[in-house]
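> Sending over work_14.txt (compact mmCIF, C-alpha atoms).
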# COMPACT_ATOMS: atom_id res chain seq x y z
CA MET A 1 30.97 -20.40 6.35
CA GLN A 2 27.37 -20.65 5.22
CA LYS A 3 26.13 -20.44 8.81
CA ASN A 4 27.25 -16.81 9.11
CA VAL A 5 25.54 -15.57 5.95
CA ARG A 6 22.04 -15.15 7.39
CA PRO A 7 23.10 -13.62 10.77
CA ASN A 8 25.41 -11.18 8.98
CA PHE A 9 22.59 -10.27 6.57
CA PHE A 10 20.16 -9.44 9.38
CA LYS A 11 22.92 -7.71 11.37
CA ARG A 12 23.72 -5.44 8.41
CA TRP A 13 20.09 -4.55 7.74
CA GLY A 14 19.48 -4.04 11.45
CA PHE A 15 22.44 -1.67 11.65
CA LEU A 16 21.29 0.28 8.59
CA LEU A 17 17.79 0.52 10.00
CA TRP A 18 18.99 1.71 13.39
CA ARG A 19 21.25 4.31 11.76
CA SER A 20 18.25 5.74 9.90
CA LYS A 21 15.95 7.33 12.45
CA THR A 22 13.16 7.90 9.93
CA GLY A 23 13.42 4.25 8.85
CA THR A 24 13.18 3.11 12.46
CA VAL A 25 10.16 5.34 13.12
CA GLY A 26 8.55 4.12 9.90
CA LEU A 27 9.05 0.47 10.81
CA ILE A 28 7.58 1.04 14.28
CA ILE A 29 4.52 2.83 12.87
CA VAL A 30 3.93 0.20 10.18
CA THR A 31 4.37 -2.67 12.66
CA ILE A 32 1.92 -1.13 15.12
CA SER A 33 -0.61 -0.42 12.35
CA VAL A 34 -0.43 -3.99 11.05
CA LEU A 35 -0.75 -5.46 14.57
CA ILE A 36 -3.78 -3.26 15.27
CA ALA A 37 -5.41 -4.45 12.03
CA ILE A 38 -4.68 -8.11 12.80
CA PHE A 39 -5.87 -8.02 16.40
CA ALA A 40 -8.74 -5.55 15.91
CA PRO A 41 -11.39 -7.89 17.41
CA LEU A 42 -9.30 -8.14 20.59
CA LEU A 43 -8.36 -4.46 20.83
CA ALA A 44 -11.68 -2.79 19.97
CA PRO A 45 -13.81 -2.22 23.09
CA TYR A 46 -17.10 -2.32 21.14
CA ASP A 47 -18.66 -3.65 17.97
CA PRO A 48 -17.99 -0.90 15.39
CA ALA A 49 -21.54 -1.22 14.01
CA MET A 50 -23.31 -1.15 17.40
CA ILE A 51 -25.73 1.79 17.56
CA ASN A 52 -26.45 3.40 20.93
CA PRO A 53 -28.90 6.35 20.78
CA ALA A 54 -28.19 7.17 24.43
CA SER A 55 -24.53 7.92 23.64
CA MET A 56 -24.79 9.98 20.47
CA LEU A 57 -22.10 12.59 19.77
CA LEU A 58 -20.23 12.13 23.03
CA PRO A 59 -16.92 14.05 23.03
CA PRO A 60 -13.56 12.39 23.80
CA ALA A 61 -12.96 11.36 27.39
CA TRP A 62 -10.73 14.34 28.26
CA LEU A 63 -13.33 16.93 27.21
CA GLU A 64 -16.28 18.11 29.24
CA GLY A 65 -19.16 15.69 28.81
CA GLY A 66 -16.88 12.89 27.70
CA SER A 67 -16.80 9.39 29.16
CA THR A 68 -13.98 6.94 29.81
CA GLU A 69 -16.21 4.29 28.24
CA HIS A 70 -15.66 6.01 24.87
CA LEU A 71 -12.11 7.35 24.87
CA LEU A 72 -12.34 9.01 21.43
CA GLY A 73 -16.03 9.85 21.67
CA THR A 74 -18.94 8.60 19.59
CA ASP A 75 -20.54 9.51 16.27
CA ASN A 76 -24.05 10.65 15.37
CA LEU A 77 -25.42 7.12 15.85
CA GLY A 78 -23.68 6.50 19.17
CA ARG A 79 -21.06 4.19 17.69
CA ASP A 80 -17.69 4.10 19.45
CA ASN A 81 -15.15 6.11 17.47
CA LEU A 82 -12.10 4.22 18.74
CA SER A 83 -13.58 0.85 17.79
CA ARG A 84 -14.46 2.07 14.31
CA ILE A 85 -10.95 3.44 13.75
CA ILE A 86 -9.39 0.16 14.90
CA TYR A 87 -11.61 -1.91 12.60
CA GLY A 88 -11.17 0.61 9.79
CA SER A 89 -7.45 -0.15 9.76
CA GLN A 90 -8.24 -3.68 8.56
CA VAL A 91 -9.90 -2.56 5.34
CA SER A 92 -7.52 0.31 4.58
CA ILE A 93 -4.33 -1.73 5.08
CA LEU A 94 -5.72 -4.85 3.40
CA VAL A 95 -6.86 -2.94 0.32
CA GLY A 96 -3.60 -0.97 0.21
CA VAL A 97 -1.34 -4.02 0.36
CA ALA A 98 -3.42 -6.47 -1.69
CA SER A 99 -4.07 -4.04 -4.56
CA VAL A 100 -0.35 -3.18 -4.76
CA VAL A 101 0.51 -6.90 -4.89
CA LEU A 102 -1.99 -7.37 -7.72
CA ALA A 103 -0.77 -4.28 -9.58
CA GLY A 104 2.82 -5.39 -9.11
CA ALA A 105 2.15 -8.87 -10.43
CA ILE A 106 0.53 -7.44 -13.57
CA GLY A 107 3.08 -4.67 -14.07
CA VAL A 108 6.19 -6.79 -13.49
CA THR A 109 4.93 -9.51 -15.85
CA ILE A 110 4.12 -7.06 -18.63
CA GLY A 111 7.34 -5.11 -18.09
CA LEU A 112 9.50 -8.24 -18.28
CA ILE A 113 7.78 -9.54 -21.41
CA SER A 114 7.83 -6.15 -23.12
CA GLY A 115 11.45 -5.39 -22.33
CA TYR A 116 12.81 -8.86 -23.08
CA PHE A 117 11.07 -9.67 -26.35
CA GLY A 118 10.87 -6.15 -27.78
CA GLY A 119 9.59 -5.68 -31.34
CA TRP A 120 5.87 -5.71 -31.98
CA ILE A 121 5.17 -7.23 -28.55
CA ASP A 122 6.85 -4.25 -26.90
CA SER A 123 4.98 -1.81 -29.16
CA ILE A 124 1.57 -3.29 -28.37
CA LEU A 125 2.16 -3.50 -24.61
CA MET A 126 3.57 0.02 -24.39
CA ARG A 127 0.58 1.41 -26.30
CA LEU A 128 -1.59 -0.35 -23.73
CA VAL A 129 0.43 1.36 -21.00
CA ASP A 130 -0.01 4.72 -22.72
CA SER A 131 -3.76 4.14 -22.90
CA PHE A 132 -3.98 3.57 -19.15
CA LEU A 133 -1.78 6.60 -18.44
CA ALA A 134 -4.17 8.77 -20.44
CA ILE A 135 -7.03 7.95 -18.07
CA PRO A 136 -6.93 9.52 -14.56
CA THR A 137 -6.76 6.72 -12.00
CA ILE A 138 -9.47 8.06 -9.73
CA LEU A 139 -11.82 8.73 -12.66
CA PHE A 140 -11.38 5.17 -13.97
CA ALA A 141 -11.93 3.77 -10.47
CA LEU A 142 -15.07 5.88 -10.01
CA VAL A 143 -16.55 4.61 -13.29
CA ILE A 144 -15.85 0.95 -12.51
CA LEU A 145 -17.10 1.18 -8.92
CA SER A 146 -20.29 2.93 -10.03
CA ILE A 147 -21.02 0.00 -12.37
CA PHE A 148 -20.13 -2.95 -10.15
CA GLU A 149 -21.12 -3.66 -6.58
CA SER A 150 -18.75 -1.99 -4.13
CA GLY A 151 -16.82 -4.16 -1.70
CA VAL A 152 -13.35 -5.01 -0.46
CA MET A 153 -12.57 -7.41 -3.31
CA THR A 154 -13.93 -4.98 -5.89
CA LEU A 155 -11.72 -2.22 -4.49
CA ILE A 156 -8.65 -4.45 -4.56
CA ILE A 157 -9.25 -5.48 -8.16
CA VAL A 158 -10.06 -1.96 -9.37
CA LEU A 159 -7.06 -0.35 -7.67
CA GLY A 160 -4.80 -3.19 -8.77
CA VAL A 161 -5.89 -2.96 -12.40
CA THR A 162 -5.53 0.83 -12.51
CA ASN A 163 -2.08 1.12 -10.88
CA TRP A 164 0.07 -1.46 -12.68
CA VAL A 165 1.43 0.86 -15.38
CA ASN A 166 4.16 2.41 -13.20
CA TYR A 167 5.57 -1.03 -12.44
CA ALA A 168 5.45 -2.02 -16.11
CA ARG A 169 7.38 1.05 -17.26
CA LEU A 170 10.00 0.71 -14.51
CA VAL A 171 10.57 -3.01 -15.05
CA ARG A 172 10.65 -2.64 -18.84
CA GLY A 173 13.37 0.00 -18.60
CA GLU A 174 15.53 -2.13 -16.34
CA THR A 175 14.92 -5.24 -18.45
CA LEU A 176 16.13 -3.45 -21.59
CA SER A 177 19.42 -2.79 -19.81
CA ILE A 178 19.86 -6.14 -18.07
CA LYS A 179 19.16 -8.30 -21.12
CA GLU A 180 22.23 -6.82 -22.85
CA ARG A 181 24.59 -8.00 -20.14
CA ASP A 182 27.09 -10.77 -20.83
CA TYR A 183 25.62 -13.42 -18.54
CA VAL A 184 22.19 -13.06 -20.18
CA ARG A 185 23.70 -13.26 -23.65
CA ALA A 186 25.72 -16.31 -22.58
CA ALA A 187 22.64 -18.05 -21.21
CA HIS A 188 20.79 -17.36 -24.45
CA SER A 189 23.69 -18.61 -26.60
CA ILE A 190 23.82 -22.01 -24.86
CA GLY A 191 20.14 -22.61 -25.46
CA VAL A 192 18.57 -21.62 -22.15
CA SER A 193 14.86 -21.03 -22.71
CA ASP A 194 13.42 -17.53 -22.63
CA PHE A 195 11.23 -18.43 -19.67
CA LYS A 196 14.22 -19.55 -17.57
CA ILE A 197 16.21 -16.46 -18.52
CA ILE A 198 13.35 -14.21 -17.44
CA ILE A 199 12.78 -16.07 -14.16
CA LYS A 200 16.41 -16.77 -13.16
CA HIS A 201 18.29 -13.77 -14.54
CA LEU A 202 15.92 -10.87 -15.15
CA LEU A 203 13.35 -11.11 -12.37
CA PRO A 204 15.86 -11.24 -9.47
CA ASN A 205 17.55 -8.12 -10.80
CA VAL A 206 14.37 -6.03 -11.07
CA ILE A 207 12.69 -7.20 -7.88
CA SER A 208 14.58 -4.72 -5.66
CA SER A 209 13.25 -1.74 -7.60
CA PHE A 210 9.77 -3.26 -7.43
CA ILE A 211 10.00 -3.55 -3.63
CA VAL A 212 10.94 0.10 -3.28
CA ILE A 213 8.22 1.51 -5.54
CA SER A 214 5.57 -0.89 -4.20
CA THR A 215 6.25 0.15 -0.60
CA LEU A 216 5.66 3.79 -1.48
CA SER A 217 2.62 2.84 -3.59
CA VAL A 218 0.91 1.27 -0.57
CA ALA A 219 0.73 4.74 1.01
CA THR A 220 -0.79 6.22 -2.15
CA THR A 221 -3.30 3.39 -2.43
CA ILE A 222 -4.44 3.78 1.19
CA ILE A 223 -5.19 7.45 0.47
CA LEU A 224 -6.97 6.51 -2.76
CA GLU A 225 -9.10 3.91 -0.97
CA ALA A 226 -9.99 6.44 1.71
CA SER A 227 -10.95 8.93 -1.00
CA LEU A 228 -13.24 6.45 -2.74
CA SER A 229 -14.85 5.40 0.54
CA PHE A 230 -15.29 9.07 1.44
CA LEU A 231 -17.21 9.54 -1.82
CA GLY A 232 -19.41 6.56 -0.97
CA LEU A 233 -17.99 4.26 -3.67
CA GLY A 234 -15.73 2.22 -1.41
CA VAL A 235 -16.76 -0.38 1.15
CA GLN A 236 -20.38 -0.24 2.22
CA PRO A 237 -21.88 -0.49 5.73
CA PRO A 238 -21.64 -2.36 8.00
CA VAL A 239 -18.02 -2.73 6.85
CA VAL A 240 -16.03 0.27 8.07
CA SER A 241 -12.94 1.99 6.69
CA TRP A 242 -11.16 5.20 7.58
CA GLY A 243 -12.57 6.91 4.50
CA SER A 244 -16.16 6.01 5.38
CA ILE A 245 -15.67 7.35 8.93
CA LEU A 246 -14.43 10.63 7.45
CA SER A 247 -17.52 10.72 5.26
CA ASP A 248 -19.80 10.17 8.26
CA GLY A 249 -18.13 12.99 10.18
CA ARG A 250 -17.94 15.68 7.50
CA ASP A 251 -21.38 17.07 8.39
CA TYR A 252 -20.38 17.43 12.06
CA LEU A 253 -17.00 19.15 11.75
CA ALA A 254 -18.27 22.35 13.37
CA THR A 255 -19.89 20.67 16.38
CA SER A 256 -18.41 17.16 16.71
CA TRP A 257 -14.95 17.49 15.16
CA TRP A 258 -13.64 14.26 16.71
CA ILE A 259 -15.65 12.01 14.38
CA ALA A 260 -13.55 12.96 11.35
CA THR A 261 -10.37 14.20 13.01
CA PHE A 262 -9.14 10.96 14.57
CA PRO A 263 -9.48 8.75 11.48
CA GLY A 264 -7.74 11.54 9.54
CA ILE A 265 -4.89 11.40 12.04
CA ALA A 266 -4.78 7.59 11.70
CA ILE A 267 -4.47 7.88 7.90
CA THR A 268 -1.76 10.54 8.19
CA ILE A 269 0.36 8.62 10.69
CA THR A 270 0.07 5.32 8.80
CA VAL A 271 0.90 6.89 5.44
CA LEU A 272 3.86 8.78 6.91
CA GLY A 273 5.17 5.57 8.47
CA ILE A 274 4.99 3.75 5.13
CA ILE A 275 6.70 6.65 3.35
CA PHE A 276 9.50 6.75 5.95
CA LEU A 277 10.03 3.00 5.58
CA GLY A 278 9.90 3.22 1.79
CA ASP A 279 12.47 6.03 1.72
CA TRP A 280 14.81 3.95 3.87
CA LEU A 281 14.37 0.91 1.63
CA ARG A 282 15.11 3.06 -1.42
CA ASP A 283 18.34 4.36 0.10
CA VAL A 284 19.47 0.87 1.19
CA ILE A 285 18.49 -1.13 -1.90
CA ASP A 286 19.38 1.55 -4.45
CA PRO A 287 22.09 3.83 -2.98
CA ARG A 288 22.31 5.71 -6.32
CA SER A 289 18.91 7.29 -5.59
CA LYS A 290 20.10 8.76 -2.31
CA SER A 291 20.52 12.47 -2.52
CA ASN A 292 23.44 14.17 -0.83
Give the structure from this file in structure tokens form.

Amino acid sequence: MQKNVRPNFFKRWGFLLWRSKTGTVGLIIVTISVLIAIFAPLLAPYDPAMINPASMLLPPAWLEGGSTEHLLGTDNLGRDNLSRIIYGSQVSILVGVASVVLAGAIGVTIGLISGYFGGWIDSILMRLVDSFLAIPTILFALVILSIFESGVMTLIIVLGVTNWVNYARLVRGETLSIKERDYVRAAHSIGVSDFKIIIKHLLPNVISSFIVISTLSVATTIILEASLSFLGLGVQPPVVSWGSILSDGRDYLATSWWIATFPGIAITITVLGIIFLGDWLRDVIDPRSKSN
């Protein structure tokens, strides 16, 4: 009997995914984006930092003056646009996923502790949450990044520390409800430690909501990282991200539109794919949220 549990599980999720066209499209987009980021050194035709003055501002291959050697054209320093977009996916996706994992770890921990123990612990932690909510995320990130040296790890930490409050509030609300259920009360009455109750009974019941909100948060974080890099406070050269490519191309929109257009398209497609996948996960994991 146990042998059929896992195949049936994957069969059910596979059926639900196939039935949702947006979920299927989202999964395909996310899978392709992740594979491009992982295999960027193999897929990129050139070094993204290689400068070639002889090939400056070449248009895409299908336009007059373009070259098949640079399918998406080149920038003002002769760097291959396609290679830079491929390598830029590494930073954008890494920062998006890693910062959400960090924010989730902080938010889930605080939400569980606050909701389970209540009292003065809950009051202090919720006032901390309110303090973070009062500060605009991008403003806080700009201040921190202007003080410390910019880099991938700095971005991950800053975005993780600034985005945990949503997870904390969500998990706290669910914990307040779950801790009143009979099986939690029974476990507490027989002397089960608070730590075991939180890990074995509360955490498994809030993790599904965390997965849904974290999937959608990855899309938001990718846009936020691109915004910071566009402002020059994200990753610094020679490291490349989609936001920094947009920043390089903003002065050439009238004459060399392809420099900024293609990374913008890459951001849009990736974010849409994540949103489609997140919406499908929300409908499957929490059917109550599905609108009719």
> Which of these, A:Ile29, A:Ile275, A:Val240, A:Ile178, has the shortest distance to A:Ile197 once you count all atoms listed in the file?
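Selected residue with least distance to A:Ile197: A:Ile178.
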> Hey, which of A:Ala141, A:Leu170, A:Ile199, A:Ile259 ends up closest to A:Val184? Count only C-alpha atoms.
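Selected residue with least distance to A:Val184: A:Ile199.
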> Check the smallest atom-to-atom distance from each of A:Ile85, A:Ala98, A:Ile124, A:Leu139 to A:Ile265 using all atoms listed in the file, then report the winner.
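Closest to A:Ile265, using all atoms listed in the file: A:Ile85.
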> Nearest to A:Ile157: which of A:Thr221, A:Ser99, A:Ser227, A:Thr255 is it, counting only C-alpha atoms?
A:Ser99
> So which residues touch A:Ser150 within 9 Å, counting all atoms listed in the file, skipping near sequence neighbours fewer than 5 positions away, as a list in words?
Leu145, Leu155, Leu233, Gly234, Val235 and Gln236 of chain A
> For a test of reading the model, state the distance in Å between atom CA of A:Ile110 and atom CA of A:Ala168, rounded to one decimal.
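Going from atom CA of A:Ile110 over to atom CA of A:Ala168 covers 5.8 Å.
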> Here is a test: counting all atoms listed in the file, which residue of A:Leu277, A:Leu72, A:Leu112, A:Val284 is nearest to A:Ile86?
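Ranked by minimum distance to A:Ile86, first place goes to A:Leu72.
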> Could you extract stretch 142-157 of chain A of the given structure into a file holding all heavy atoms, as an mmCIF file, in the first residue's frame?

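out_39.cif written:
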data_model
loop_
_atom_site.group_PDB
_atom_site.id
_atom_site.type_symbol
_atom_site.label_atom_id
_atom_site.label_comp_id
_atom_site.auth_asym_id
_atom_site.auth_seq_id
_atom_site.Cartn_x
_atom_site.Cartn_y
_atom_site.Cartn_z
ATOM 1 N N LEU A 142 18.024 51.128 0.049
ATOM 2 C CA LEU A 142 18.921 52.159 -0.496
ATOM 3 C C LEU A 142 19.877 52.683 0.567
ATOM 4 O O LEU A 142 21.072 52.880 0.304
ATOM 5 C CB LEU A 142 18.102 53.304 -1.077
ATOM 6 C CG LEU A 142 17.395 53.051 -2.406
ATOM 7 C CD1 LEU A 142 16.463 54.206 -2.745
ATOM 8 C CD2 LEU A 142 18.410 52.843 -3.520
ATOM 9 N N VAL A 143 19.374 52.896 1.780
ATOM 10 C CA VAL A 143 20.215 53.406 2.864
ATOM 11 C C VAL A 143 21.302 52.396 3.222
ATOM 12 O O VAL A 143 22.483 52.755 3.350
ATOM 13 C CB VAL A 143 19.350 53.733 4.100
ATOM 14 C CG1 VAL A 143 20.246 54.070 5.291
ATOM 15 C CG2 VAL A 143 18.415 54.891 3.804
ATOM 16 N N ILE A 144 20.918 51.144 3.386
ATOM 17 C CA ILE A 144 21.886 50.108 3.769
ATOM 18 C C ILE A 144 22.932 49.914 2.677
ATOM 19 O O ILE A 144 24.137 49.838 2.949
ATOM 20 C CB ILE A 144 21.172 48.777 4.066
ATOM 21 C CG1 ILE A 144 20.193 48.943 5.238
ATOM 22 C CG2 ILE A 144 22.187 47.683 4.387
ATOM 23 C CD1 ILE A 144 20.832 49.375 6.523
ATOM 24 N N LEU A 145 22.490 49.852 1.419
ATOM 25 C CA LEU A 145 23.420 49.608 0.318
ATOM 26 C C LEU A 145 24.344 50.796 0.079
ATOM 27 O O LEU A 145 25.439 50.633 -0.466
ATOM 28 C CB LEU A 145 22.640 49.288 -0.958
ATOM 29 C CG LEU A 145 21.945 47.922 -0.979
ATOM 30 C CD1 LEU A 145 21.048 47.801 -2.191
ATOM 31 C CD2 LEU A 145 22.979 46.795 -0.977
ATOM 32 N N SER A 146 23.907 51.993 0.446
ATOM 33 C CA SER A 146 24.775 53.162 0.298
ATOM 34 C C SER A 146 25.855 53.211 1.384
ATOM 35 O O SER A 146 26.865 53.893 1.230
ATOM 36 C CB SER A 146 23.941 54.444 0.337
ATOM 37 O OG SER A 146 23.294 54.585 1.600
ATOM 38 N N ILE A 147 25.620 52.476 2.485
ATOM 39 C CA ILE A 147 26.591 52.443 3.582
ATOM 40 C C ILE A 147 27.602 51.321 3.391
ATOM 41 O O ILE A 147 28.812 51.522 3.527
ATOM 42 C CB ILE A 147 25.866 52.276 4.935
ATOM 43 C CG1 ILE A 147 24.975 53.486 5.209
ATOM 44 C CG2 ILE A 147 26.878 52.090 6.068
ATOM 45 C CD1 ILE A 147 24.119 53.339 6.446
ATOM 46 N N PHE A 148 27.095 50.133 3.053
ATOM 47 C CA PHE A 148 27.968 48.968 2.909
ATOM 48 C C PHE A 148 28.326 48.737 1.447
ATOM 49 O O PHE A 148 27.647 49.219 0.539
ATOM 50 C CB PHE A 148 27.289 47.722 3.484
ATOM 51 C CG PHE A 148 27.007 47.815 4.959
ATOM 52 C CD1 PHE A 148 25.750 48.178 5.419
ATOM 53 C CD2 PHE A 148 28.008 47.557 5.885
ATOM 54 C CE1 PHE A 148 25.483 48.264 6.779
ATOM 55 C CE2 PHE A 148 27.755 47.643 7.242
ATOM 56 C CZ PHE A 148 26.497 48.001 7.688
ATOM 57 N N GLU A 149 29.375 47.963 1.251
ATOM 58 C CA GLU A 149 29.829 47.655 -0.104
ATOM 59 C C GLU A 149 28.801 46.802 -0.829
ATOM 60 O O GLU A 149 28.337 45.789 -0.313
ATOM 61 C CB GLU A 149 31.172 46.927 -0.046
ATOM 62 C CG GLU A 149 31.744 46.605 -1.411
ATOM 63 C CD GLU A 149 33.081 45.895 -1.308
ATOM 64 O OE1 GLU A 149 33.575 45.729 -0.167
ATOM 65 O OE2 GLU A 149 33.629 45.517 -2.355
ATOM 66 N N SER A 150 28.437 47.215 -2.041
ATOM 67 C CA SER A 150 27.441 46.479 -2.808
ATOM 68 C C SER A 150 28.025 45.172 -3.324
ATOM 69 O O SER A 150 29.200 45.075 -3.634
ATOM 70 C CB SER A 150 26.944 47.328 -3.983
ATOM 71 O OG SER A 150 26.335 48.512 -3.522
ATOM 72 N N GLY A 151 27.177 44.178 -3.415
ATOM 73 C CA GLY A 151 27.571 42.863 -3.904
ATOM 74 C C GLY A 151 26.406 41.917 -3.819
ATOM 75 O O GLY A 151 25.345 42.244 -3.294
ATOM 76 N N VAL A 152 26.587 40.714 -4.336
ATOM 77 C CA VAL A 152 25.510 39.729 -4.351
ATOM 78 C C VAL A 152 25.086 39.370 -2.934
ATOM 79 O O VAL A 152 23.896 39.368 -2.601
ATOM 80 C CB VAL A 152 25.934 38.473 -5.135
ATOM 81 C CG1 VAL A 152 24.853 37.392 -5.040
ATOM 82 C CG2 VAL A 152 26.190 38.817 -6.599
ATOM 83 N N MET A 153 26.053 39.066 -2.069
ATOM 84 C CA MET A 153 25.720 38.681 -0.703
ATOM 85 C C MET A 153 25.070 39.838 0.053
ATOM 86 O O MET A 153 24.131 39.633 0.833
ATOM 87 C CB MET A 153 26.971 38.216 0.039
ATOM 88 C CG MET A 153 27.435 36.820 -0.337
ATOM 89 S SD MET A 153 26.158 35.570 -0.088
ATOM 90 C CE MET A 153 25.812 35.760 1.656
ATOM 91 N N THR A 154 25.549 41.044 -0.175
ATOM 92 C CA THR A 154 24.947 42.205 0.477
ATOM 93 C C THR A 154 23.493 42.378 0.044
ATOM 94 O O THR A 154 22.612 42.647 0.877
ATOM 95 C CB THR A 154 25.734 43.481 0.131
ATOM 96 O OG1 THR A 154 27.107 43.304 0.446
ATOM 97 C CG2 THR A 154 25.192 44.671 0.905
ATOM 98 N N LEU A 155 23.230 42.206 -1.247
ATOM 99 C CA LEU A 155 21.865 42.309 -1.750
ATOM 100 C C LEU A 155 20.961 41.256 -1.122
ATOM 101 O O LEU A 155 19.829 41.544 -0.718
ATOM 102 C CB LEU A 155 21.858 42.153 -3.266
ATOM 103 C CG LEU A 155 22.019 43.414 -4.117
ATOM 104 C CD1 LEU A 155 22.075 43.040 -5.584
ATOM 105 C CD2 LEU A 155 20.893 44.383 -3.865
ATOM 106 N N ILE A 156 21.456 40.022 -1.043
ATOM 107 C CA ILE A 156 20.659 38.937 -0.473
ATOM 108 C C ILE A 156 20.303 39.239 0.978
ATOM 109 O O ILE A 156 19.152 39.084 1.401
ATOM 110 C CB ILE A 156 21.421 37.600 -0.579
ATOM 111 C CG1 ILE A 156 21.536 37.171 -2.041
ATOM 112 C CG2 ILE A 156 20.730 36.511 0.237
ATOM 113 C CD1 ILE A 156 22.408 35.961 -2.265
ATOM 114 N N ILE A 157 21.290 39.685 1.742
ATOM 115 C CA ILE A 157 21.055 39.968 3.162
ATOM 116 C C ILE A 157 20.087 41.145 3.328
ATOM 117 O O ILE A 157 19.144 41.086 4.122
ATOM 118 C CB ILE A 157 22.390 40.252 3.878
ATOM 119 C CG1 ILE A 157 23.248 38.980 3.904
ATOM 120 C CG2 ILE A 157 22.139 40.749 5.296
ATOM 121 C CD1 ILE A 157 24.649 39.196 4.429
#
